[in-house]
Amino acid sequence: CELTDDERVELLAFSSNDLTAEQRHIDRDLAGKLLSKLSDEDRTLLQMLHVEGLSVNEAAEALGWPGPKTKLRAWRARNLLRKYLKRLM
């Protein structure tokens with residue numbers, strides 16, 4: 001499931017209200033690069049949780065995964081994003 005540019009920005013919790021157009025463009029590019037490193041499943045899971053606002057249990061049900069697996073996958077995916085971001089900084 002491919003995310004839109006706006007969903008990528010929301011996913012990384014950037015506040016577009018305080019950013020210039022150039023900063024938003026840079027943030028979208030960065031978000032796209034970071035998210036492209038995740039598996040399709042992890043990207044979909046984070047989209048469900050952070051863009052669509054589903055709970056862990058709701059995402060688990062939609063994906064057909066047990067709740068603990070879903071929570072762990074989300075935690076690991078967020079940690080990977082942090083790790084990738086640190087490498088870019």
# chains A, B, ... in the order shown; residues from 1 in each chain; ligands from 1
call {"tool": "residues_around", "arguments": {"residues": "range 67-76 of chain A", "least_positions_apart": "3", "cutoff": "6 Å", "atoms": "only C-alpha atoms", "output": "count of residues only"}}
result
3
call {"tool": "atom_distance", "arguments": {"atom1": "CA of Ala62 in chain A", "atom2": "CA of Ser39 in chain A"}}
result
17.1 Å
call {"tool": "atom_distance", "arguments": {"atom1": "CA of Pro66 in chain A", "atom2": "CA of Lys33 in chain A"}}
result
29.0 Å
call {"tool": "closest_residue", "arguments": {"among": "A:Leu54, A:His25, A:Trp65, A:Ala77", "to": "Asp40 in chain A", "atoms": "only C-alpha atoms"}}
result
A:Ala77
call {"tool": "closest_residue", "arguments": {"among": "A:Arg78, A:Glu58, A:Leu63, A:Ile26", "to": "Thr44 in chain A", "atoms": "only C-alpha atoms"}}
result
A:Leu63
call {"tool": "residues_around", "arguments": {"residues": "Leu34 in chain A", "least_positions_apart": "4", "cutoff": "10 Å", "atoms": "only C-alpha atoms", "output": "PDB file with N, CA, C and O atoms, in the first residue's frame"}}
result
ATOM      1  N   ARG A   8       2.809  10.523   4.490  1.00  0.00           N
ATOM      2  CA  ARG A   8       4.188  10.345   4.958  1.00  0.00           C
ATOM      3  C   ARG A   8       4.559  11.420   5.965  1.00  0.00           C
ATOM      4  O   ARG A   8       5.180  11.140   6.984  1.00  0.00           O
ATOM      5  N   LEU A  12       5.363  10.814  10.177  1.00  0.00           N
ATOM      6  CA  LEU A  12       6.559  11.213  10.923  1.00  0.00           C
ATOM      7  C   LEU A  12       6.297  12.378  11.862  1.00  0.00           C
ATOM      8  O   LEU A  12       7.209  12.906  12.483  1.00  0.00           O
ATOM      9  N   ARG A  28       8.908  15.780   3.111  1.00  0.00           N
ATOM     10  CA  ARG A  28       8.253  14.718   2.331  1.00  0.00           C
ATOM     11  C   ARG A  28       9.288  13.791   1.711  1.00  0.00           C
ATOM     12  O   ARG A  28       9.129  12.578   1.717  1.00  0.00           O
ATOM     13  N   ASP A  29      10.344  14.393   1.167  1.00  0.00           N
ATOM     14  CA  ASP A  29      11.405  13.580   0.574  1.00  0.00           C
ATOM     15  C   ASP A  29      12.065  12.693   1.623  1.00  0.00           C
ATOM     16  O   ASP A  29      12.299  11.509   1.384  1.00  0.00           O
ATOM     17  N   LEU A  30      12.361  13.268   2.774  1.00  0.00           N
ATOM     18  CA  LEU A  30      12.981  12.498   3.856  1.00  0.00           C
ATOM     19  C   LEU A  30      12.061  11.387   4.318  1.00  0.00           C
ATOM     20  O   LEU A  30      12.493  10.242   4.486  1.00  0.00           O
ATOM     21  N   LEU A  38      11.292   0.401   4.850  1.00  0.00           N
ATOM     22  CA  LEU A  38      10.468  -0.560   5.581  1.00  0.00           C
ATOM     23  C   LEU A  38       9.800  -1.530   4.613  1.00  0.00           C
ATOM     24  O   LEU A  38       9.585  -1.214   3.447  1.00  0.00           O
ATOM     25  N   LEU A  80      13.286   1.120  13.596  1.00  0.00           N
ATOM     26  CA  LEU A  80      14.030   1.152  12.330  1.00  0.00           C
ATOM     27  C   LEU A  80      14.018   2.549  11.730  1.00  0.00           C
ATOM     28  O   LEU A  80      15.050   3.024  11.241  1.00  0.00           O
ATOM     29  N   LEU A  81      12.871   3.217  11.766  1.00  0.00           N
ATOM     30  CA  LEU A  81      12.805   4.582  11.247  1.00  0.00           C
ATOM     31  C   LEU A  81      13.745   5.502  12.010  1.00  0.00           C
ATOM     32  O   LEU A  81      14.440   6.323  11.408  1.00  0.00           O
ATOM     33  N   ARG A  82      13.787   5.367  13.331  1.00  0.00           N
ATOM     34  CA  ARG A  82      14.708   6.182  14.152  1.00  0.00           C
ATOM     35  C   ARG A  82      16.165   5.886  13.763  1.00  0.00           C
ATOM     36  O   ARG A  82      16.969   6.810  13.639  1.00  0.00           O
ATOM     37  N   LYS A  83      16.473   4.622  13.603  1.00  0.00           N
ATOM     38  CA  LYS A  83      17.829   4.211  13.244  1.00  0.00           C
ATOM     39  C   LYS A  83      18.225   4.790  11.884  1.00  0.00           C
ATOM     40  O   LYS A  83      19.321   5.339  11.731  1.00  0.00           O
ATOM     41  N   TYR A  84      17.336   4.675  10.894  1.00  0.00           N
ATOM     42  CA  TYR A  84      17.614   5.218   9.567  1.00  0.00           C
ATOM     43  C   TYR A  84      17.764   6.736   9.610  1.00  0.00           C
ATOM     44  O   TYR A  84      18.622   7.300   8.930  1.00  0.00           O
ATOM     45  N   LEU A  85      16.941   7.394  10.418  1.00  0.00           N
ATOM     46  CA  LEU A  85      17.017   8.848  10.518  1.00  0.00           C
ATOM     47  C   LEU A  85      18.345   9.283  11.128  1.00  0.00           C
ATOM     48  O   LEU A  85      18.977  10.226  10.675  1.00  0.00           O
ATOM     49  N   LEU A  88      21.104   9.328   8.678  1.00  0.00           N
ATOM     50  CA  LEU A  88      21.046  10.447   7.729  1.00  0.00           C
ATOM     51  C   LEU A  88      21.497  11.762   8.360  1.00  0.00           C
ATOM     52  O   LEU A  88      21.868  12.689   7.644  1.00  0.00           O
TER      53      LEU A  88
END
call {"tool": "atom_distance", "arguments": {"atom1": "CA of Leu46 in chain A", "atom2": "CA of Ala59 in chain A"}}
result
9.2 Å
call {"tool": "select_by_dssp", "arguments": {"residues": "range 25-61 of chain A", "states": "alpha helix (DSSP H)", "output": "count of residues only"}}
result
25
call {"tool": "decode", "arguments": {"residues": "range 47-81 of chain A", "atoms": "N, CA, C and O atoms", "output": "compact mmCIF listing (two decimals), in the first residue's frame"}}
result
# COMPACT_ATOMS: atom_id res chain seq x y z
N GLN A 47 0.92 3.16 8.77
CA GLN A 47 -0.11 4.00 8.17
C GLN A 47 -1.44 3.81 8.92
O GLN A 47 -2.12 4.77 9.24
N MET A 48 -1.78 2.56 9.19
CA MET A 48 -3.02 2.28 9.91
C MET A 48 -3.02 2.94 11.29
O MET A 48 -4.02 3.53 11.71
N LEU A 49 -1.89 2.84 11.98
CA LEU A 49 -1.81 3.35 13.34
C LEU A 49 -1.72 4.87 13.40
O LEU A 49 -2.39 5.51 14.21
N HIS A 50 -0.87 5.46 12.55
CA HIS A 50 -0.55 6.88 12.70
C HIS A 50 -1.25 7.81 11.73
O HIS A 50 -1.34 9.00 12.00
N VAL A 51 -1.71 7.29 10.62
CA VAL A 51 -2.42 8.14 9.66
C VAL A 51 -3.92 7.92 9.78
O VAL A 51 -4.69 8.87 9.88
N GLU A 52 -4.32 6.65 9.79
CA GLU A 52 -5.74 6.33 9.86
C GLU A 52 -6.28 6.37 11.28
O GLU A 52 -7.48 6.41 11.50
N GLY A 53 -5.38 6.32 12.28
CA GLY A 53 -5.78 6.42 13.67
C GLY A 53 -6.37 5.16 14.27
O GLY A 53 -7.08 5.22 15.28
N LEU A 54 -6.08 4.01 13.66
CA LEU A 54 -6.58 2.75 14.22
C LEU A 54 -5.83 2.40 15.49
O LEU A 54 -4.66 2.75 15.66
N SER A 55 -6.49 1.68 16.37
CA SER A 55 -5.81 1.15 17.56
C SER A 55 -4.98 -0.06 17.14
O SER A 55 -5.16 -0.59 16.04
N VAL A 56 -4.12 -0.51 18.02
CA VAL A 56 -3.33 -1.71 17.74
C VAL A 56 -4.26 -2.89 17.48
O VAL A 56 -4.05 -3.66 16.54
N ASN A 57 -5.30 -3.02 18.29
CA ASN A 57 -6.24 -4.14 18.12
C ASN A 57 -6.98 -4.06 16.79
O ASN A 57 -7.21 -5.07 16.13
N GLU A 58 -7.37 -2.85 16.39
CA GLU A 58 -8.06 -2.68 15.12
C GLU A 58 -7.14 -3.01 13.94
O GLU A 58 -7.55 -3.67 12.98
N ALA A 59 -5.89 -2.55 14.03
CA ALA A 59 -4.93 -2.87 12.97
C ALA A 59 -4.65 -4.36 12.93
O ALA A 59 -4.56 -4.95 11.85
N ALA A 60 -4.52 -4.97 14.09
CA ALA A 60 -4.28 -6.42 14.16
C ALA A 60 -5.41 -7.18 13.49
O ALA A 60 -5.15 -8.11 12.70
N GLU A 61 -6.61 -6.80 13.77
CA GLU A 61 -7.77 -7.48 13.17
C GLU A 61 -7.76 -7.29 11.64
O GLU A 61 -7.99 -8.24 10.90
N ALA A 62 -7.48 -6.07 11.19
CA ALA A 62 -7.47 -5.80 9.75
C ALA A 62 -6.37 -6.59 9.03
O ALA A 62 -6.55 -7.02 7.89
N LEU A 63 -5.24 -6.77 9.70
CA LEU A 63 -4.12 -7.49 9.10
C LEU A 63 -4.18 -8.99 9.33
O LEU A 63 -3.42 -9.74 8.72
N GLY A 64 -5.06 -9.43 10.22
CA GLY A 64 -5.16 -10.85 10.53
C GLY A 64 -4.02 -11.34 11.40
O GLY A 64 -3.65 -12.52 11.35
N TRP A 65 -3.45 -10.44 12.18
CA TRP A 65 -2.34 -10.78 13.07
C TRP A 65 -2.82 -10.78 14.52
O TRP A 65 -3.74 -10.07 14.88
N PRO A 66 -2.13 -11.52 15.38
CA PRO A 66 -2.42 -11.42 16.81
C PRO A 66 -2.00 -10.03 17.32
O PRO A 66 -1.07 -9.41 16.79
N GLY A 67 -2.68 -9.55 18.35
CA GLY A 67 -2.37 -8.24 18.93
C GLY A 67 -0.91 -8.06 19.32
O GLY A 67 -0.29 -7.05 18.97
N PRO A 68 -0.32 -9.03 20.06
CA PRO A 68 1.08 -8.86 20.47
C PRO A 68 2.05 -8.76 19.28
O PRO A 68 3.00 -7.97 19.30
N LYS A 69 1.79 -9.51 18.23
CA LYS A 69 2.64 -9.44 17.03
C LYS A 69 2.54 -8.05 16.41
O LYS A 69 3.54 -7.47 15.99
N THR A 70 1.33 -7.52 16.36
CA THR A 70 1.09 -6.22 15.76
C THR A 70 1.82 -5.13 16.54
O THR A 70 2.49 -4.27 15.97
N LYS A 71 1.70 -5.18 17.86
CA LYS A 71 2.36 -4.20 18.71
C LYS A 71 3.88 -4.28 18.56
O LYS A 71 4.55 -3.25 18.45
N LEU A 72 4.42 -5.48 18.51
CA LEU A 72 5.86 -5.67 18.35
C LEU A 72 6.33 -5.18 16.98
O LEU A 72 7.36 -4.52 16.88
N ARG A 73 5.59 -5.50 15.93
CA ARG A 73 5.98 -5.06 14.58
C ARG A 73 5.99 -3.54 14.49
O ARG A 73 6.87 -2.95 13.87
N ALA A 74 5.00 -2.90 15.10
CA ALA A 74 4.94 -1.43 15.09
C ALA A 74 6.15 -0.86 15.84
O ALA A 74 6.80 0.09 15.37
N TRP A 75 6.46 -1.41 16.98
CA TRP A 75 7.61 -0.95 17.78
C TRP A 75 8.90 -1.11 16.98
O TRP A 75 9.72 -0.19 16.93
N ARG A 76 9.08 -2.26 16.36
CA ARG A 76 10.29 -2.51 15.57
C ARG A 76 10.37 -1.57 14.36
O ARG A 76 11.44 -1.06 14.04
N ALA A 77 9.25 -1.34 13.71
CA ALA A 77 9.23 -0.45 12.54
C ALA A 77 9.59 0.97 12.95
O ALA A 77 10.38 1.64 12.27
N ARG A 78 9.05 1.44 14.07
CA ARG A 78 9.39 2.79 14.55
C ARG A 78 10.86 2.88 14.90
O ARG A 78 11.51 3.89 14.61
N ASN A 79 11.38 1.84 15.54
CA ASN A 79 12.81 1.85 15.88
C ASN A 79 13.68 1.86 14.63
O ASN A 79 14.73 2.51 14.60
N LEU A 80 13.29 1.12 13.60
CA LEU A 80 14.03 1.15 12.33
C LEU A 80 14.02 2.55 11.73
O LEU A 80 15.05 3.02 11.24
N LEU A 81 12.87 3.22 11.77
CA LEU A 81 12.80 4.58 11.25
C LEU A 81 13.74 5.50 12.01
O LEU A 81 14.44 6.32 11.41
